[in-house]
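Shown here: work_16.txt, compact mmCIF, C-alpha atoms and all ligand atoms.
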```txt
# COMPACT_ATOMS: atom_id res chain seq x y z
CA MET J 28 12.76 11.22 15.58
CA ARG J 29 11.98 7.56 16.24
CA ASP J 30 13.61 4.92 14.08
CA LYS J 31 10.85 4.42 11.57
CA ARG J 32 10.06 1.54 9.24
CA ARG J 33 10.59 2.51 5.62
CA ILE J 34 8.43 0.90 2.99
CA ILE J 35 8.20 1.48 -0.76
CA ALA J 36 5.28 -0.34 -2.38
CA GLY J 37 4.52 -0.43 -6.09
CA ASN J 38 0.91 -0.59 -7.23
CA TRP J 39 0.98 -1.76 -10.82
CA LYS J 40 -2.78 -1.35 -11.27
CA MET J 41 -4.09 -2.86 -14.54
CA TYR J 42 -0.74 -2.79 -16.31
CA LYS J 43 1.62 -5.55 -17.47
CA THR J 44 0.88 -8.99 -18.87
CA ALA J 45 2.44 -11.89 -17.00
CA LYS J 46 5.42 -11.88 -19.40
CA GLU J 47 5.96 -8.13 -19.09
CA ALA J 48 5.66 -8.43 -15.33
CA VAL J 49 8.36 -11.08 -15.09
CA TYR J 50 10.63 -8.96 -17.25
CA LEU J 51 10.07 -5.94 -15.04
CA VAL J 52 10.77 -7.89 -11.87
CA GLN J 53 13.99 -9.29 -13.29
CA GLU J 54 15.12 -5.83 -14.33
CA LEU J 55 14.28 -4.53 -10.91
CA GLU J 56 16.16 -7.37 -9.24
CA ASP J 57 19.26 -6.48 -11.26
CA LYS J 58 19.03 -2.85 -10.23
CA LEU J 59 18.48 -3.67 -6.58
CA GLU J 60 21.37 -6.10 -6.62
CA GLY J 61 23.63 -3.35 -7.86
CA MET J 62 22.46 -1.07 -5.09
CA ALA J 63 24.68 -0.81 -2.02
CA THR J 64 23.15 -2.73 0.87
CA SER J 65 23.28 0.49 2.85
CA HIS J 66 20.72 1.86 0.41
CA LEU J 67 18.45 -1.10 0.40
CA GLY J 68 19.04 -2.51 3.85
CA ALA J 69 16.56 -0.35 5.67
CA ILE J 70 13.88 -0.26 2.99
CA GLU J 71 11.13 -2.85 2.62
CA VAL J 72 10.18 -3.21 -1.05
CA ILE J 73 6.75 -4.54 -2.02
CA ILE J 74 5.27 -4.98 -5.49
CA CYS J 75 1.57 -5.44 -6.17
CA PRO J 76 1.12 -6.74 -9.74
CA PRO J 77 -2.22 -7.73 -11.29
CA PHE J 78 -3.63 -11.13 -10.26
CA THR J 79 -2.73 -12.72 -13.61
CA ALA J 80 0.98 -12.04 -13.05
CA LEU J 81 1.22 -13.20 -9.43
CA LYS J 82 1.98 -16.84 -10.19
CA SER J 83 4.81 -16.09 -12.63
CA ILE J 84 6.31 -13.46 -10.36
CA TYR J 85 6.05 -15.75 -7.38
CA THR J 86 8.08 -18.35 -9.31
CA VAL J 87 10.80 -15.79 -10.10
CA LEU J 88 10.95 -14.40 -6.58
CA TRP J 89 10.97 -17.85 -5.07
CA GLN J 90 13.94 -18.90 -7.21
CA ASP J 91 16.00 -15.74 -6.93
CA LYS J 92 15.04 -14.71 -3.40
CA PRO J 93 15.52 -10.97 -3.95
CA PRO J 94 14.55 -8.52 -1.22
CA ILE J 95 11.18 -7.91 -2.84
CA LYS J 96 7.89 -8.91 -1.23
CA LEU J 97 4.72 -9.73 -3.05
CA GLY J 98 1.31 -8.15 -2.61
CA ALA J 99 -2.04 -8.16 -4.41
CA GLN J 100 -4.22 -5.17 -5.30
CA ASP J 101 -7.48 -6.50 -3.86
CA MET J 102 -9.22 -9.70 -2.74
CA PHE J 103 -12.64 -10.96 -1.71
CA TRP J 104 -13.70 -11.50 1.90
CA GLU J 105 -14.65 -15.20 1.68
CA ASP J 106 -12.20 -18.11 1.63
CA GLU J 107 -14.01 -19.79 -1.26
CA GLY J 108 -17.45 -20.03 -2.84
CA ALA J 109 -19.66 -19.14 -5.78
CA TYR J 110 -18.29 -15.63 -6.36
CA THR J 111 -17.57 -15.46 -10.07
CA GLY J 112 -14.52 -13.44 -10.90
CA GLU J 113 -13.25 -13.01 -7.36
CA VAL J 114 -9.94 -14.04 -5.79
CA SER J 115 -9.72 -15.26 -2.20
CA PRO J 116 -7.14 -14.71 0.52
CA VAL J 117 -6.42 -18.45 0.51
CA MET J 118 -5.42 -18.18 -3.16
CA LEU J 119 -3.18 -15.22 -2.41
CA ARG J 120 -1.54 -16.99 0.51
CA ASP J 121 -0.85 -19.94 -1.75
CA LEU J 122 1.30 -17.63 -3.90
CA GLU J 123 3.15 -16.21 -0.90
CA CYS J 124 1.37 -12.88 -1.09
CA GLU J 125 2.20 -11.21 2.20
CA PHE J 126 0.35 -7.97 1.50
CA VAL J 127 -2.88 -6.84 -0.08
CA ILE J 128 -4.03 -3.34 -0.98
CA ILE J 129 -7.57 -2.80 0.29
CA GLY J 130 -9.92 0.05 -0.49
CA HIS J 131 -7.84 1.89 -3.06
CA SER J 132 -9.75 5.00 -4.18
CA GLU J 133 -10.07 3.53 -7.68
CA ARG J 134 -11.86 0.51 -6.20
CA ARG J 135 -14.08 2.79 -4.16
CA GLN J 136 -14.84 4.93 -7.21
CA TYR J 137 -15.31 2.30 -9.93
CA PHE J 138 -16.23 -0.85 -8.02
CA CYS J 139 -18.49 0.45 -5.25
CA GLU J 140 -16.14 -0.33 -2.37
CA THR J 141 -17.35 1.16 0.90
CA ASP J 142 -15.82 1.38 4.36
CA GLU J 143 -17.96 -1.65 5.19
CA THR J 144 -16.57 -3.85 2.40
CA VAL J 145 -13.10 -2.55 3.15
CA ASN J 146 -13.57 -3.62 6.75
CA LYS J 147 -14.72 -7.12 5.76
CA LYS J 148 -11.70 -7.56 3.49
CA VAL J 149 -9.26 -6.22 6.05
CA LYS J 150 -10.55 -8.67 8.68
CA VAL J 151 -10.23 -11.65 6.38
CA ALA J 152 -6.75 -10.62 5.24
CA LEU J 153 -5.65 -10.49 8.88
CA LYS J 154 -7.24 -13.86 9.58
CA HIS J 155 -5.00 -15.34 6.88
CA GLY J 156 -1.87 -13.51 7.98
CA ILE J 157 -1.87 -11.15 5.02
CA THR J 158 -0.97 -7.56 5.88
CA PRO J 159 -3.59 -5.14 4.59
CA ILE J 160 -2.42 -1.88 3.04
CA MET J 161 -5.65 -0.01 3.72
CA CYS J 162 -6.08 3.13 1.62
CA CYS J 163 -7.79 6.36 2.55
CA GLY J 164 -7.86 9.80 1.02
CA GLU J 165 -10.05 12.79 0.29
CA SER J 166 -11.30 14.23 -2.99
CA LEU J 167 -10.37 17.72 -4.15
CA LYS J 168 -13.88 18.90 -3.31
CA GLN J 169 -13.56 17.63 0.25
CA ARG J 170 -10.14 19.20 0.64
CA GLU J 171 -11.38 22.56 -0.60
CA ALA J 172 -14.37 22.37 1.73
CA GLY J 173 -12.04 21.77 4.68
CA GLU J 174 -13.46 18.29 5.24
CA THR J 175 -10.26 16.28 4.86
CA GLU J 176 -9.68 15.35 8.50
CA GLU J 177 -13.28 14.46 9.20
CA PHE J 178 -13.55 12.32 6.07
CA ILE J 179 -10.29 10.47 6.70
CA GLN J 180 -11.37 9.84 10.29
CA THR J 181 -14.59 8.22 9.03
CA GLN J 182 -12.62 6.00 6.64
CA ILE J 183 -10.14 4.94 9.32
CA ILE J 184 -12.81 4.20 11.94
CA GLY J 185 -15.03 2.39 9.41
CA GLY J 186 -12.19 0.36 7.96
CA THR J 187 -10.84 -0.77 11.32
CA GLU J 188 -14.23 -1.49 12.94
CA GLY J 189 -14.02 -4.53 15.25
CA LEU J 190 -10.24 -4.86 15.04
CA THR J 191 -8.06 -5.27 18.11
CA GLU J 192 -4.81 -3.64 19.09
CA ARG J 193 -3.11 -6.92 18.17
CA ASP J 194 -4.59 -6.85 14.66
CA MET J 195 -3.13 -3.41 14.15
CA LYS J 196 0.42 -4.75 14.60
CA ASN J 197 0.10 -6.33 11.17
CA PHE J 198 -1.37 -3.39 9.34
CA ILE J 199 -0.29 -0.65 6.95
CA ILE J 200 -2.24 2.46 6.02
CA ALA J 201 -1.76 4.42 2.80
CA TYR J 202 -2.91 8.03 2.73
CA GLU J 203 -3.60 8.89 -0.90
CA PRO J 204 -5.39 12.15 -1.63
CA ILE J 205 -7.51 11.31 -4.69
CA TRP J 206 -6.60 14.54 -6.48
CA ALA J 207 -2.91 13.57 -6.33
CA ILE J 208 -3.26 10.09 -7.84
CA GLY J 209 -1.94 9.84 -11.38
CA THR J 210 -2.21 13.59 -11.86
CA GLY J 211 1.41 14.62 -11.39
CA LYS J 212 0.12 16.92 -8.63
CA THR J 213 1.46 15.84 -5.23
CA ALA J 214 0.36 16.96 -1.82
CA LEU J 215 2.91 19.18 -0.12
CA PRO J 216 5.01 16.87 2.06
CA GLU J 217 4.16 18.92 5.15
CA ASP J 218 0.42 18.75 4.36
CA ALA J 219 0.62 14.97 3.89
CA ASN J 220 2.53 14.80 7.17
CA ASP J 221 -0.25 16.75 8.92
CA VAL J 222 -2.96 14.41 7.65
CA ILE J 223 -0.91 11.38 8.66
CA ARG J 224 -0.40 12.86 12.11
CA HIS J 225 -4.16 13.19 12.31
CA ILE J 226 -4.55 9.52 11.31
CA ARG J 227 -2.19 8.60 14.14
CA ALA J 228 -4.28 10.67 16.55
CA VAL J 229 -7.42 8.83 15.43
CA LEU J 230 -5.66 5.51 15.96
CA ALA J 231 -4.42 6.61 19.39
CA SER J 232 -7.93 7.33 20.59
CA ARG J 233 -9.36 4.24 18.90
CA PHE J 234 -6.60 1.79 19.96
CA SER J 235 -3.53 3.05 21.83
CA THR J 236 -0.57 5.38 21.52
CA ASP J 237 1.58 2.31 20.80
CA VAL J 238 -0.48 1.42 17.75
CA ALA J 239 -0.54 5.06 16.64
CA GLY J 240 3.22 5.38 16.94
CA GLU J 241 4.21 2.08 15.36
CA ILE J 242 1.83 1.58 12.45
CA PRO J 243 3.50 2.29 9.10
CA ILE J 244 1.61 4.99 7.17
CA LEU J 245 2.54 5.58 3.54
CA TYR J 246 1.87 8.57 1.33
CA GLY J 247 0.64 7.95 -2.22
CA GLY J 248 -0.09 10.22 -5.17
CA SER J 249 2.36 11.08 -7.97
CA VAL J 250 5.42 9.97 -6.03
CA ASN J 251 8.58 9.84 -8.14
CA ALA J 252 12.35 9.67 -7.74
CA GLY J 253 12.53 13.46 -7.55
CA ASN J 254 10.08 13.98 -4.69
CA ILE J 255 10.36 10.82 -2.58
CA ALA J 256 13.14 12.19 -0.36
CA ASP J 257 10.96 15.15 0.68
CA PHE J 258 8.18 12.81 1.77
CA MET J 259 10.57 10.49 3.58
CA ALA J 260 12.04 13.44 5.47
CA GLU J 261 8.68 14.08 7.15
CA PRO J 262 8.58 12.44 10.58
CA GLU J 263 5.14 10.83 10.30
CA ILE J 264 5.61 9.32 6.81
CA ASN J 265 6.97 5.77 6.60
CA GLY J 266 7.14 5.44 2.84
CA ALA J 267 5.14 5.52 -0.34
CA LEU J 268 2.59 3.65 -2.38
CA VAL J 269 3.72 4.30 -5.93
CA GLY J 270 1.60 3.86 -9.05
CA GLY J 271 2.87 5.14 -12.39
CA ALA J 272 6.52 5.43 -11.37
CA SER J 273 6.61 1.77 -10.25
CA LEU J 274 5.96 0.52 -13.80
CA GLU J 275 9.48 1.07 -14.97
CA ALA J 276 12.52 -0.55 -13.31
CA ASP J 277 14.74 2.53 -13.43
CA SER J 278 12.27 4.93 -11.90
CA PHE J 279 11.14 2.48 -9.20
CA ALA J 280 14.76 1.61 -8.31
CA ASN J 281 15.59 5.32 -8.11
CA ILE J 282 12.67 5.89 -5.77
CA ILE J 283 13.98 3.11 -3.54
CA ARG J 284 17.48 4.57 -3.67
CA ASN J 285 16.31 8.08 -2.88
CA ALA J 286 13.99 6.91 -0.13
CA ARG J 287 17.05 6.22 1.92
P1 LIG J 301 0.34 7.35 -8.79
O1 LIG J 301 -0.66 6.29 -8.11
O2 LIG J 301 1.70 7.18 -8.14
O3 LIG J 301 0.36 6.98 -10.24
O4 LIG J 301 -0.22 8.70 -8.53
C1 LIG J 301 -0.60 6.01 -6.74
C2 LIG J 301 -1.64 5.00 -6.36
O5 LIG J 301 -2.75 5.04 -6.93
O6 LIG J 301 -1.41 4.14 -5.50
```

I'd like the structure from this file rewritten - as structure tokens, please.
Amino acid sequence: MRDKRRIIAGNWKMYKTAKEAVYLVQELEDKLEGMATSHLGAIEVIICPPFTALKSIYTVLWQDKPPIKLGAQDMFWEDEGAYTGEVSPVMLRDLECEFVIIGHSERRQYFCETDETVNKKVKVALKHGITPIMCCGESLKQREAGETEEFIQTQIIGGTEGLTERDMKNFIIAYEPIWAIGTGKTALPEDANDVIRHIRAVLASRFSTDVAGEIPILYGGSVNAGNIADFMAEPEINGALVGGASLEADSFANIIRNAR
């Protein structure tokens, strides 16, 4: 097995006020500090709080310099302009956001995101040196109809339209079957591994075998401290995008510990 990058990213969704967020980060810092470096050393930890908490968290992280990186949950595809309610990549960069989740299934479902808007956002993130965590994943209906691979392929090709092999060096994909998100029902690790292998095959034909082999691909959907090790043991899976279980310092720290 190749020496793979290991990434645990927390997606806080629409939870935590700025004050609660700072408290959670400080608790998490304490727990990570107490963790042997052998546990943490090889794991990249990313948190993606709501926009309103980014500034306060940035201040804490900047002061304490813990091994936690900051990401956002979405952004718009223009640098600035008359786009009421939107947040630009320039604003995220200003707060040292190194990552941004793009095209989460909840954004696709509730906010009309399409592969086309995902692609626009991904391109602009890359232009500003922000690593996109581009999400893909099938619905239960698609899975039952045997359409998973075809659907995921469409999402990957649509989302990466116009990108170069070089762009893909600064890119993360999250495979999150919709039916496993927030339901407590995970994909079987070997099934997730199969879909992720398929994503790598799509990337190999679209870009190169180098890109396919090196790009970190995370699994997401009801990951917790009890199941993370099984996902990490699969050769194609680089880590996890964690929702519910990232909202509490103990459970997120245990996921990081067990991901080793
Ligand atoms: P979950 O969410 O861990 O609560 O299932 C994952 C996600 O939506 O990224």

I need the residue nearest ligand LIG 301 (chain J) from this list: J:Asn285, J:Gln100, J:Ser232, J:Ser249. Use all atoms listed in the file for the distance.
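Counting all atoms listed in the file, the residue closest to ligand LIG 301 (chain J) is J:Ser249.
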
Write as a VMD selection string the residues around ligand LIG 301 (chain J), taking 9 Å as the cut-off and counting all atoms listed in the file.
chain J and resid 36 to 40 131 to 133 162 201 203 205 to 213 246 to 251 267 to 273

Which residues are near Ala228 (chain J)? Cut-off 12 Å, all atoms listed in the file, ignore same chain within fewer than 4 positions. Put them as a CSV table (one decimal) with C-alpha atoms, in the frame of the given file.
```
chain,number,residue,atom,x,y,z
J,176,GLU,CA,-9.7,15.4,8.5
J,179,ILE,CA,-10.3,10.5,6.7
J,180,GLN,CA,-11.4,9.8,10.3
J,183,ILE,CA,-10.1,4.9,9.3
J,184,ILE,CA,-12.8,4.2,11.9
J,221,ASP,CA,-0.2,16.8,8.9
J,222,VAL,CA,-3.0,14.4,7.6
J,223,ILE,CA,-0.9,11.4,8.7
J,224,ARG,CA,-0.4,12.9,12.1
J,232,SER,CA,-7.9,7.3,20.6
J,233,ARG,CA,-9.4,4.2,18.9
J,234,PHE,CA,-6.6,1.8,20.0
J,235,SER,CA,-3.5,3.0,21.8
J,236,THR,CA,-0.6,5.4,21.5
J,237,ASP,CA,1.6,2.3,20.8
J,238,VAL,CA,-0.5,1.4,17.8
J,239,ALA,CA,-0.5,5.1,16.6
J,240,GLY,CA,3.2,5.4,16.9
J,242,ILE,CA,1.8,1.6,12.4
J,263,GLU,CA,5.1,10.8,10.3
```

Neighbours of Thr187 (chain J) within 9 Å (all atoms listed in the file; same-chain residues fewer than 3 positions away dropped), as number ranges by chain?
J: 142, 145-146, 149-150, 182-184, 190-191, 195

Distance query Arg32 (chain J) at most 10 Å, only C-alpha atoms, self and fewer than 5 positions along chain excluded, as a ChimeraX atom specification:
/J:69-71,241-244,264-266

Considering all atoms listed in the file, state which residue in the set J:Cys139, J:Met62, J:Ile255, J:Ile84 is at the smallest distance from Ala45 (chain J).
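With all atoms listed in the file as the atom set, the closest residue is J:Ile84.
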
Any idea what's packed within 8 Å of Thr158 (chain J), counting all atoms listed in the file, ignoring anything in its chain fewer than 3 positions away? Could you give it as a PyMOL selection string?
chain J and resi 125-127+152-153+197-199

Separation of CA of Asp101 (chain J) and CA of Glu188 (chain J), in Å?
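Taking CA of Asp101 (chain J) and CA of Glu188 (chain J), their separation equals 18.8 Å.
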
Measure the distance from CA of Arg227 (chain J) to CA of Leu97 (chain J) in Å and round it to one decimal.
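That distance, rounded to one decimal, is 26.1 Å.
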
For Pro94 (chain J), work out the shell of residues within 10 Å, counting only C-alpha atoms and skipping chain neighbours fewer than 6 positions away, then give it as a JSON list (two decimals) with C-alpha atoms, in the frame of the given file.
```json
[["chain", "number", "residue", "atom", "x", "y", "z"],
["J", 56, "GLU", "CA", 16.16, -7.37, -9.24],
["J", 59, "LEU", "CA", 18.48, -3.67, -6.58],
["J", 60, "GLU", "CA", 21.37, -6.10, -6.62],
["J", 67, "LEU", "CA", 18.45, -1.10, 0.40],
["J", 68, "GLY", "CA", 19.04, -2.51, 3.85],
["J", 70, "ILE", "CA", 13.88, -0.26, 2.99],
["J", 71, "GLU", "CA", 11.13, -2.85, 2.62],
["J", 72, "VAL", "CA", 10.18, -3.21, -1.05],
["J", 73, "ILE", "CA", 6.75, -4.54, -2.02],
["J", 88, "LEU", "CA", 10.95, -14.40, -6.58]]
```

Between CA of Met118 (chain J) and CA of Ile34 (chain J), what is the distance, to one decimal in Å?
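The value is 24.4 Å.
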
Nearest to Lys43 (chain J) among J:Ser115, J:Asn220, J:Thr79, J:Gln136, with distances taken over only C-alpha atoms: which residue is it?
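Using only C-alpha atoms, Lys43 (chain J) sits closest to J:Thr79.
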
Judged by all atoms listed in the file, the minimum distance to Ile74 (chain J) among J:Pro262, J:Lys196, J:Ile226, J:Leu274 is found for J:Leu274

All file atoms of region 146-152 of chain J boxed axis-aligned, 5 Å per side, centre plus edges, as lines of an AutoDock Vina configuration file:
```
center_x = -10.7
center_y = -7.6
center_z = 6.1
size_x = 18.0
size_y = 18.0
size_z = 15.2
```

Taking all atoms listed in the file into account, name the residue in J:Leu167, J:Ala219, J:Val151, J:Val117 that is nearest to Asp194 (chain J).
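When distances to Asp194 (chain J) are compared using all atoms listed in the file, the smallest one comes from J:Val151.
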
Residue nearest Asp57 (chain J) - candidates J:Gly186, J:Ile95, J:Pro77, J:Thr175, atoms counted: all atoms listed in the file
J:Ile95

I need region 90-117 of chain J written out with N, CA and C atoms, as a short mmCIF file (atom, residue, chain, number, x, y, z; two decimals), in the first residue's frame; please produce it.
```cif
data_model
loop_
_atom_site.label_atom_id
_atom_site.label_comp_id
_atom_site.auth_asym_id
_atom_site.auth_seq_id
_atom_site.Cartn_x
_atom_site.Cartn_y
_atom_site.Cartn_z
N GLN J 90 -3.10 32.64 17.30
CA GLN J 90 -2.36 32.83 18.56
C GLN J 90 -1.72 31.53 19.04
N ASP J 91 -2.52 30.46 19.02
CA ASP J 91 -2.06 29.22 19.65
C ASP J 91 -1.28 28.30 18.70
N LYS J 92 -1.44 28.53 17.43
CA LYS J 92 -0.79 27.72 16.40
C LYS J 92 -0.92 26.20 16.62
N PRO J 93 -2.12 25.71 16.82
CA PRO J 93 -2.29 24.26 16.95
C PRO J 93 -2.27 23.61 15.56
N PRO J 94 -2.16 22.31 15.52
CA PRO J 94 -2.10 21.65 14.21
C PRO J 94 -3.48 21.50 13.59
N ILE J 95 -4.24 22.58 13.58
CA ILE J 95 -5.59 22.53 13.01
C ILE J 95 -5.64 23.54 11.88
N LYS J 96 -6.16 23.14 10.74
CA LYS J 96 -6.28 24.08 9.62
C LYS J 96 -7.74 24.49 9.44
N LEU J 97 -7.88 25.66 8.83
CA LEU J 97 -9.21 26.24 8.75
C LEU J 97 -9.80 26.13 7.34
N GLY J 98 -11.07 25.80 7.29
CA GLY J 98 -11.76 25.75 6.01
C GLY J 98 -13.13 26.37 6.13
N ALA J 99 -13.74 26.70 4.98
CA ALA J 99 -15.10 27.22 4.97
C ALA J 99 -16.01 26.15 4.35
N GLN J 100 -17.31 26.38 4.45
CA GLN J 100 -18.27 25.37 3.97
C GLN J 100 -18.78 25.66 2.57
N ASP J 101 -18.45 26.84 2.06
CA ASP J 101 -18.94 27.25 0.73
C ASP J 101 -18.30 28.60 0.42
N MET J 102 -18.46 29.08 -0.78
CA MET J 102 -18.08 30.46 -1.13
C MET J 102 -18.67 30.76 -2.50
N PHE J 103 -18.64 32.05 -2.87
CA PHE J 103 -19.15 32.43 -4.19
C PHE J 103 -17.99 32.44 -5.20
N TRP J 104 -18.32 32.51 -6.48
CA TRP J 104 -17.27 32.39 -7.50
C TRP J 104 -16.73 33.73 -8.02
N GLU J 105 -17.18 34.85 -7.43
CA GLU J 105 -16.59 36.13 -7.84
C GLU J 105 -15.75 36.67 -6.67
N ASP J 106 -14.76 37.51 -7.01
CA ASP J 106 -13.89 38.06 -5.97
C ASP J 106 -14.61 39.11 -5.13
N GLU J 107 -15.48 39.89 -5.79
CA GLU J 107 -16.30 40.87 -5.07
C GLU J 107 -17.44 41.29 -5.98
N GLY J 108 -18.39 42.05 -5.46
CA GLY J 108 -19.47 42.53 -6.31
C GLY J 108 -20.80 42.61 -5.59
N ALA J 109 -21.84 42.95 -6.35
CA ALA J 109 -23.17 43.11 -5.78
C ALA J 109 -23.85 41.74 -5.72
N TYR J 110 -23.47 40.95 -4.74
CA TYR J 110 -24.03 39.60 -4.57
C TYR J 110 -24.45 39.45 -3.11
N THR J 111 -25.58 40.05 -2.79
CA THR J 111 -26.05 40.12 -1.40
C THR J 111 -26.03 38.75 -0.72
N GLY J 112 -25.39 38.73 0.41
CA GLY J 112 -25.39 37.51 1.22
C GLY J 112 -24.25 36.56 0.93
N GLU J 113 -23.48 36.82 -0.10
CA GLU J 113 -22.42 35.87 -0.47
C GLU J 113 -21.08 36.22 0.18
N VAL J 114 -20.18 35.24 0.18
CA VAL J 114 -18.84 35.41 0.75
C VAL J 114 -17.84 35.01 -0.32
N SER J 115 -16.81 35.84 -0.49
CA SER J 115 -15.89 35.60 -1.63
C SER J 115 -14.61 34.89 -1.17
N PRO J 116 -13.91 34.30 -2.14
CA PRO J 116 -12.65 33.64 -1.81
C PRO J 116 -11.62 34.60 -1.24
N VAL J 117 -11.67 35.86 -1.66
CA VAL J 117 -10.73 36.86 -1.13
C VAL J 117 -10.96 37.03 0.37
#
```
